[in-house]
Structure formats: structure tokens, C-alpha cells
>>> print(open('input.cif').read())   # mmCIF, C-alpha atoms and all ligand atoms
data_entry
#
loop_
_atom_site.label_atom_id
_atom_site.label_comp_id
_atom_site.auth_asym_id
_atom_site.auth_seq_id
_atom_site.Cartn_x
_atom_site.Cartn_y
_atom_site.Cartn_z
CA MET G 1 0.00 0.00 0.00
CA PRO G 2 1.55 3.40 -0.91
CA LYS G 3 2.29 5.68 1.98
CA ASN G 4 0.20 8.80 1.83
CA ARG G 5 2.75 10.88 3.70
CA ARG G 6 5.40 13.14 2.26
CA PRO G 7 8.79 12.40 3.87
CA LEU G 8 10.25 15.09 6.10
CA ILE G 9 14.02 15.41 6.28
CA ALA G 10 14.77 17.45 9.39
CA GLY G 11 18.19 18.66 10.49
CA ASN G 12 18.85 19.18 14.19
CA TRP G 13 22.00 21.27 14.29
CA LYS G 14 22.08 21.09 18.11
CA MET G 15 24.61 23.45 19.77
CA ASN G 16 26.78 23.72 16.68
CA GLY G 17 27.79 26.51 14.38
CA PHE G 18 28.67 30.16 14.32
CA LYS G 19 27.19 32.66 11.90
CA ALA G 20 29.59 31.85 9.07
CA ASP G 21 29.24 28.03 9.31
CA GLY G 22 25.46 28.23 9.54
CA GLN G 23 25.21 30.58 6.59
CA ALA G 24 27.50 28.40 4.46
CA LEU G 25 25.44 25.31 5.28
CA ALA G 26 22.13 27.05 4.68
CA ASN G 27 23.35 28.59 1.42
CA ALA G 28 24.52 25.22 0.12
CA LEU G 29 21.15 23.63 0.95
CA ALA G 30 19.16 26.55 -0.44
CA GLU G 31 21.06 26.38 -3.71
CA ARG G 32 20.31 22.69 -4.07
CA MET G 33 16.68 23.12 -3.10
CA GLN G 34 16.20 25.94 -5.61
CA SER G 35 17.38 23.70 -8.43
CA GLU G 36 14.75 21.06 -7.57
CA THR G 37 11.55 21.31 -9.52
CA ASP G 38 9.58 18.65 -7.67
CA PRO G 39 11.41 17.34 -4.59
CA ALA G 40 10.22 14.04 -3.13
CA PHE G 41 10.62 15.41 0.40
CA ASP G 42 10.03 18.34 2.69
CA MET G 43 13.23 19.71 4.20
CA LEU G 44 13.60 21.43 7.56
CA VAL G 45 16.57 22.92 9.37
CA CYS G 46 16.60 23.58 13.12
CA PRO G 47 19.60 25.81 13.93
CA PRO G 48 20.53 26.91 17.44
CA PHE G 49 18.52 29.91 18.68
CA THR G 50 21.39 32.31 17.92
CA LEU G 51 21.26 31.51 14.20
CA ILE G 52 17.53 31.21 13.57
CA ALA G 53 16.92 34.77 12.39
CA GLY G 54 19.88 34.83 9.99
CA ILE G 55 19.25 31.37 8.58
CA GLY G 56 15.59 32.30 8.16
CA GLU G 57 16.63 35.12 5.84
CA THR G 58 19.00 32.86 3.90
CA ILE G 59 16.45 30.14 3.21
CA ASP G 60 13.47 32.45 2.80
CA GLY G 61 11.47 31.44 -0.26
CA CYS G 62 13.66 28.48 -1.24
CA GLY G 63 11.29 25.78 0.04
CA ILE G 64 13.27 24.76 3.13
CA ALA G 65 11.35 25.14 6.37
CA LEU G 66 12.76 26.74 9.52
CA GLY G 67 12.50 25.27 13.00
CA ALA G 68 13.88 25.47 16.51
CA GLN G 69 15.16 22.84 18.93
CA ASP G 70 13.02 23.70 21.95
CA CYS G 71 10.51 26.20 23.30
CA HIS G 72 9.11 27.15 26.69
CA ALA G 73 5.60 26.06 27.59
CA ALA G 74 4.56 29.54 28.74
CA ALA G 75 3.53 32.25 26.30
CA LYS G 76 5.77 34.91 27.92
CA GLY G 77 7.01 36.17 31.25
CA ALA G 78 9.70 35.74 33.86
CA HIS G 79 11.63 32.80 32.39
CA THR G 80 15.18 34.02 32.01
CA ALA G 81 16.96 32.71 28.90
CA ASP G 82 13.92 30.79 27.68
CA ILE G 83 12.25 31.27 24.32
CA SER G 84 8.51 31.03 23.71
CA ALA G 85 6.78 29.39 20.78
CA ALA G 86 5.33 32.77 19.81
CA MET G 87 8.88 34.20 19.57
CA LEU G 88 9.82 31.34 17.25
CA SER G 89 6.78 31.92 15.13
CA ASP G 90 7.69 35.62 15.00
CA LEU G 91 11.08 34.61 13.51
CA GLY G 92 9.39 32.57 10.80
CA CYS G 93 9.70 29.12 12.37
CA GLN G 94 7.15 26.55 11.31
CA TYR G 95 8.41 23.68 13.46
CA VAL G 96 9.89 23.14 16.89
CA ILE G 97 11.49 19.99 18.30
CA VAL G 98 10.27 19.15 21.81
CA GLY G 99 11.37 16.45 24.21
CA HIS G 100 14.64 15.60 22.51
CA SER G 101 16.42 13.02 24.68
CA GLU G 102 19.23 15.51 25.31
CA ARG G 103 16.64 17.89 26.80
CA ARG G 104 15.05 15.07 28.76
CA THR G 105 18.47 14.04 30.11
CA ASP G 106 20.30 17.38 30.48
CA HIS G 107 17.30 19.35 31.74
CA GLY G 108 15.20 16.64 33.33
CA GLU G 109 12.22 17.27 31.06
CA THR G 110 9.27 15.01 31.80
CA ASP G 111 6.53 13.81 29.48
CA LEU G 112 4.18 16.32 31.08
CA GLU G 113 6.54 19.20 30.34
CA VAL G 114 7.08 17.97 26.80
CA LYS G 115 3.32 17.82 26.31
CA ALA G 116 2.93 21.39 27.61
CA LYS G 117 5.64 22.57 25.20
CA ALA G 118 3.97 20.78 22.29
CA GLU G 119 0.64 22.38 23.23
CA ALA G 120 2.27 25.82 23.38
CA ALA G 121 3.87 25.25 19.98
CA GLN G 122 0.64 24.10 18.38
CA ALA G 123 -1.28 27.02 19.90
CA CYS G 124 1.13 29.34 18.06
CA GLY G 125 0.62 27.57 14.74
CA LEU G 126 3.87 25.61 14.89
CA THR G 127 4.23 21.91 14.19
CA ALA G 128 5.65 20.12 17.21
CA ILE G 129 8.21 17.40 16.54
CA ILE G 130 7.78 15.26 19.64
CA CYS G 131 10.80 13.03 20.37
CA ILE G 132 10.54 9.71 22.14
CA GLY G 133 12.85 6.73 22.48
CA GLU G 134 14.33 4.22 24.86
CA THR G 135 17.77 4.11 26.47
CA GLU G 136 20.12 1.20 25.91
CA GLN G 137 19.36 -0.14 29.38
CA GLN G 138 15.64 -0.04 28.72
CA ARG G 139 16.12 -1.88 25.42
CA ASP G 140 18.34 -4.48 27.08
CA ASP G 141 15.66 -4.95 29.75
CA GLY G 142 13.04 -5.58 27.07
CA LYS G 143 11.18 -2.39 27.93
CA THR G 144 11.37 -0.58 24.58
CA PHE G 145 7.66 -0.95 23.74
CA ASP G 146 6.50 0.10 27.21
CA VAL G 147 8.81 3.12 27.30
CA VAL G 148 7.82 4.29 23.84
CA LYS G 149 4.09 3.82 24.52
CA THR G 150 4.29 5.69 27.83
CA GLN G 151 6.32 8.56 26.39
CA LEU G 152 3.98 8.86 23.43
CA SER G 153 0.76 8.93 25.42
CA GLY G 154 2.30 11.25 28.03
CA SER G 155 3.83 13.72 25.58
CA ILE G 156 1.20 14.15 22.90
CA PRO G 157 -1.35 16.97 23.31
CA ASP G 158 -4.99 15.88 23.51
CA ALA G 159 -5.90 18.14 20.59
CA ALA G 160 -2.99 17.11 18.35
CA VAL G 161 -3.72 16.53 14.67
CA ALA G 162 -1.56 15.35 11.81
CA SER G 163 -1.05 18.86 10.45
CA ASN G 164 0.59 20.13 13.66
CA THR G 165 2.31 17.00 14.96
CA VAL G 166 5.33 14.95 13.93
CA ILE G 167 6.70 12.13 16.06
CA ALA G 168 10.42 11.34 16.06
CA TYR G 169 11.43 7.91 17.28
CA GLU G 170 15.01 8.27 18.47
CA PRO G 171 16.53 5.37 20.39
CA VAL G 172 18.81 7.22 22.81
CA TRP G 173 21.61 4.70 22.33
CA ALA G 174 21.60 5.32 18.58
CA ILE G 175 22.04 9.09 18.79
CA GLY G 176 25.51 10.14 17.70
CA THR G 177 26.91 6.64 18.19
CA GLY G 178 26.94 5.24 14.65
CA ARG G 179 24.72 2.40 15.87
CA THR G 180 21.14 1.85 14.73
CA PRO G 181 18.45 -0.74 15.42
CA SER G 182 17.84 -3.19 12.59
CA ASN G 183 15.32 -2.13 9.96
CA ASP G 184 12.84 -4.65 11.37
CA GLU G 185 13.25 -3.24 14.86
CA VAL G 186 12.71 0.30 13.60
CA GLN G 187 9.57 -0.69 11.69
CA GLU G 188 8.24 -2.58 14.69
CA VAL G 189 8.52 0.48 16.93
CA HIS G 190 7.12 2.83 14.28
CA ALA G 191 4.11 0.54 13.82
CA LEU G 192 3.61 0.54 17.59
CA ILE G 193 3.73 4.35 17.57
CA ARG G 194 1.17 4.54 14.78
CA ASP G 195 -1.05 2.21 16.74
CA GLY G 196 -0.66 4.44 19.81
CA LEU G 197 -1.51 7.47 17.67
CA SER G 198 -4.64 5.69 16.48
CA GLN G 199 -5.78 5.27 20.05
CA ALA G 200 -4.96 8.88 20.91
CA LEU G 201 -6.06 10.71 17.77
CA GLY G 202 -8.21 8.27 15.81
CA GLU G 203 -7.27 6.21 12.83
CA ASP G 204 -7.48 8.88 10.13
CA GLN G 205 -5.22 11.34 11.92
CA ALA G 206 -2.83 8.56 12.93
CA ALA G 207 -2.51 7.45 9.32
CA ALA G 208 -1.48 10.97 8.32
CA VAL G 209 1.03 11.77 11.10
CA ARG G 210 4.64 11.67 9.98
CA ILE G 211 6.85 9.48 12.14
CA LEU G 212 10.55 10.20 11.69
CA TYR G 213 13.40 7.91 12.60
CA GLY G 214 16.39 9.54 14.31
CA GLY G 215 19.71 8.15 15.49
CA SER G 216 22.83 7.88 13.34
CA MET G 217 20.95 8.27 10.08
CA LYS G 218 23.42 8.85 7.27
CA PRO G 219 23.51 8.56 3.47
CA GLU G 220 24.55 4.90 3.73
CA ASN G 221 21.54 3.73 5.75
CA ALA G 222 18.89 6.33 4.95
CA ARG G 223 17.36 4.72 1.86
CA GLU G 224 16.41 1.50 3.62
CA LEU G 225 15.20 3.26 6.75
CA ILE G 226 13.06 5.79 4.90
CA ALA G 227 11.56 3.05 2.73
CA LEU G 228 10.13 1.22 5.77
CA PRO G 229 6.31 1.27 5.80
CA ASP G 230 5.91 3.49 8.87
CA VAL G 231 9.03 5.64 8.53
CA ASP G 232 8.28 9.05 7.03
CA GLY G 233 11.70 10.65 6.98
CA GLY G 234 14.44 11.39 9.45
CA LEU G 235 15.50 13.65 12.28
CA ILE G 236 19.18 13.98 11.63
CA GLY G 237 21.87 15.36 13.92
CA GLY G 238 25.51 14.87 12.92
CA ALA G 239 24.88 14.29 9.21
CA SER G 240 22.75 17.44 8.97
CA LEU G 241 25.87 19.57 9.54
CA LYS G 242 27.33 18.67 6.17
CA ALA G 243 25.27 19.89 3.22
CA GLU G 244 26.30 17.01 0.96
CA ASP G 245 25.40 14.35 3.53
CA PHE G 246 22.11 15.96 4.49
CA TRP G 247 21.20 16.39 0.85
CA ALA G 248 22.22 12.81 0.05
CA ILE G 249 19.85 11.61 2.78
CA ALA G 250 17.03 13.70 1.32
CA GLU G 251 17.71 12.20 -2.10
CA CYS G 252 17.00 8.75 -0.64
CA CYS G 253 13.31 9.70 -0.49
CA GLU G 254 11.21 8.31 -3.24
CA LYS G 255 7.86 9.51 -4.45
CA ARG G 256 5.60 6.97 -2.85
CA TRP G 257 2.62 8.95 -1.66
CA SER G 258 -0.60 9.22 -3.59
CA SER G 259 -1.22 12.87 -2.63
CA GLY G 260 0.46 15.66 -0.67
CA ALA G 261 0.90 15.28 3.11
C1 LIG Z 301 19.52 13.67 17.06
O1 LIG Z 301 20.14 14.08 18.02
O2 LIG Z 301 18.34 14.05 16.89
C2 LIG Z 301 20.17 12.73 16.17
C3 LIG Z 301 19.42 11.90 15.51
O3 LIG Z 301 21.54 12.75 16.15
P1 LIG Z 301 22.50 11.86 15.19
O4 LIG Z 301 21.90 11.90 13.81
O5 LIG Z 301 23.81 12.56 15.25
O6 LIG Z 301 22.49 10.50 15.74
#
>>> encode(input="input.cif", output="C-alpha cells")
Amino acid sequence: MPKNRRPLIAGNWKMNGFKADGQALANALAERMQSETDPAFDMLVCPPFTLIAGIGETIDGCGIALGAQDCHAAAKGAHTADISAAMLSDLGCQYVIVGHSERRTDHGETDLEVKAKAEAAQACGLTAIICIGETEQQRDDGKTFDVVKTQLSGSIPDAAVASNTVIAYEPVWAIGTGRTPSNDEVQEVHALIRDGLSQALGEDQAAAVRILYGGSMKPENARELIALPDVDGGLIGGASLKAEDFWAIAECCEKRWSSGA
């Protein structure tokens, strides 16, 4: 059965890059995107907060979407150094990553907080990319399914719909390590996530939500991963910092949907 979802290739630049590096990367991607007449993918870059405004200007109008790596759950107020979803929207962001495992680990973010951030993002018209995934210990203990199900149901807003929600399955042990689950294991978890989405949002919305795989995706493994029935693109860290690698991953997407996402 053809997948009716347009792949999303999303770059999470994390805490990398100064103005010049970011501009060079964005320029190289924008140039490639502009020469595409009918790309088989949507492309998104999520620079660090310091670069969002500048990169937004560089990619403006070229067909690459702009996103951020986190937002605060509150609309405004006394939250020193935090950034609200409305501020991101004001800069031209269309997406924001929430609940990345590095936020969950480094900042102790809970499912409840991730859900509140996703709600804040959606209320501002942003699409929330909600990250979930098990640690190596949890996988070794046979708890992957339980962890993923709990994180999903705890992190997804009640009013989420496919047009404002993307799920990223990122096994924590695969992030930045060069290791990945087998293709079968990835598909198994993505199918479980889609099933969980069905219960939370209903079957029609669940069928339309894009579920990205993240964790050491690179040009060498992207084609097989993206071709899996319930994988709708990638959330890419390390390989998104090199234009040629990020672009090569995007080129692994094939036209396999019967209409636009
Ligand atoms: C990430 O942190 O979202 C990620 C997937 O990183 P990497 O591609 O470097 O594993």
C-alpha cells in the first residue's frame, strides 16, 4: 500500500555553528533546493537559537522550512533565557522539536513538560516534533515498547492533529553513536507508535502523522530506513551539519505517496 505521507528530512544542528558556518550550510542547501523542480521530500533545518533569524533570511522562499530545537511552555514572562513558541513563530519558524532526549536528560524534562511545550507550539501555529525513544538499558531490559508507549501517550497533546504533529522515534543509544536498530526493529517500533496514535487521535489522523526515525541516520543507511512502511523521513543530527550528507539523505526519499501530506 503506498504511503500517503510526504517524507520530512529534518536537520537538528544542536549546539553547533557560528554565523559563518550556519550561513554556508544554509546557502549550500538553499542552492540545491532551488534547483529542484519537484522534490520528493520536505526539508527542515533547526539551527541553534542564535542563528535562527539569519538562517531564516538565507532560506526564505527556497522551500526549506525553519524550525527550533526547543521552546518554553509559557507564552511569555519571567523565564530568564527561555524562548517562547510565539517568539519562534515571529522569527518565521514553522516547526519546533520538543522532548529531545538531550533535553530530557540534560534538563530533566518530563513527558508532562514535553506535552505542555507541544501544546504551546501548536497554539502558536507551529508543528511540534515530539521526540521519544528508549535508552540502551531499557532496550536491554526488554522495555522498549513500554517506554515508547508511555512517552507517546504522556507527551502528545490531547488536541494534536496530523497537520501540527510529527513524532520522532530516536533510540537514545543510537544518537551520535553510529549504531542503529535493525530495519525490522525500527519498523516494529514505528508501527507501535502509529497504533498508539490511532488510540490517541483516531485512525485517520494517525494514518497521516509523519513518524521520523532519528539516530545515526546517514547517506549509507537512509534509503532502507526511509523506505520502511511506517518511517516518514528522518530527524538527523551529525549528518545534517554537512550539506552534501544531508542532501544525500534527502535524495533517498522516493515519491511513494498518492497525494500531498
Ligand atoms: C539527534 O540528536 O536528533 C540525532 C538523531 O543525532 P544523530 O543523527 O547525530 O544520531
>>> residues_around(input="input.cif", residues="G:Asp245", least_positions_apart="2", cutoff="12 Å", atoms="all atoms listed in the file", output="list of chain:residue names")
G:Ile9, G:Gly11, G:Leu25, G:Ala28, G:Leu29, G:Met217, G:Lys218, G:Pro219, G:Glu220, G:Asn221, G:Ala222, G:Ile236, G:Gly237, G:Gly238, G:Ala239, G:Ser240, G:Leu241, G:Lys242, G:Ala243, G:Trp247, G:Ala248, G:Ile249, G:Ala250, G:Glu251, G:Cys252
>>> residues_near_ligand(input="input.cif", ligand="ligand LIG 301 (chain Z)", cutoff="10 Å", atoms="only C-alpha atoms and all ligand atoms", output="NGL selection string")
:G and (10-14 or 69 or 97 or 100-102 or 131 or 168-180 or 212-218 or 234-241)
>>> closest_residue(input="input.cif", among="G:Gly202, G:Gly92, G:Pro47, G:Pro39", to="G:Asn16", atoms="all atoms listed in the file")
G:Pro47
>>> residues_near_point(input="input.cif", point="(18.0, 32.5, 26.7)", cutoff="12 Å", atoms="only C-alpha atoms", output="VMD selection string")
chain G and resid 48 to 50 70 to 72 78 to 84 87
>>> atom_distance(input="input.cif", atom1="atom CA of G:Ala73", atom2="atom CA of G:Arg6")
28.4 Å
>>> residues_around(input="input.cif", residues="G:Met43", least_positions_apart="2", cutoff="7 Å", atoms="all atoms listed in the file", output="mmCIF file with C-alpha atoms, keeping the file's coordinate frame")
data_model
loop_
_atom_site.group_PDB
_atom_site.id
_atom_site.type_symbol
_atom_site.label_atom_id
_atom_site.label_comp_id
_atom_site.auth_asym_id
_atom_site.auth_seq_id
_atom_site.Cartn_x
_atom_site.Cartn_y
_atom_site.Cartn_z
ATOM 1 C CA LEU G 8 10.250 15.090 6.100
ATOM 2 C CA ILE G 9 14.020 15.410 6.280
ATOM 3 C CA ALA G 10 14.770 17.450 9.390
ATOM 4 C CA PHE G 41 10.620 15.410 0.400
ATOM 5 C CA VAL G 45 16.570 22.920 9.370
ATOM 6 C CA ILE G 64 13.270 24.760 3.130
ATOM 7 C CA ALA G 65 11.350 25.140 6.370
#
>>> closest_residue(input="input.cif", among="G:Ala75, G:Ile226, G:Ala40, G:Ile156", to="G:Leu201", atoms="only C-alpha atoms")
G:Ile156
>>> closest_residue(input="input.cif", among="G:Cys253, G:Leu91, G:Ala85, G:Ala227", to="G:Gly125", atoms="only C-alpha atoms")
G:Ala85
>>> atom_distance(input="input.cif", atom1="atom CA of G:Leu152", atom2="atom CA of G:Leu228")
20.2 Å
>>> atom_distance(input="input.cif", atom1="atom CA of G:Glu185", atom2="atom CA of G:Glu244")
27.8 Å
>>> residues_around(input="input.cif", residues="stretch 111-115 of chain G", least_positions_apart="5", cutoff="7 Å", atoms="all atoms listed in the file", output="PyMOL selection string")
chain G and resi 98-99+151+154-157
>>> axis_aligned_box(input="input.cif", around="stretch 228-246 of chain G", padding_each_side="8 Å", output="JSON")
{"center_x": 16.6, "center_y": 10.6, "center_z": 7.4, "size_x": 37.4, "size_y": 34.7, "size_z": 29.0}
>>> closest_residue(input="input.cif", among="G:Thr127, G:Gln23, G:Ser153, G:Thr110", to="G:Gln199", atoms="all atoms listed in the file")
G:Ser153
>>> closest_residue(input="input.cif", among="G:Glu136, G:Glu224, G:Asp60, G:Asp204", to="G:Asn4", atoms="all atoms listed in the file")
G:Asp204
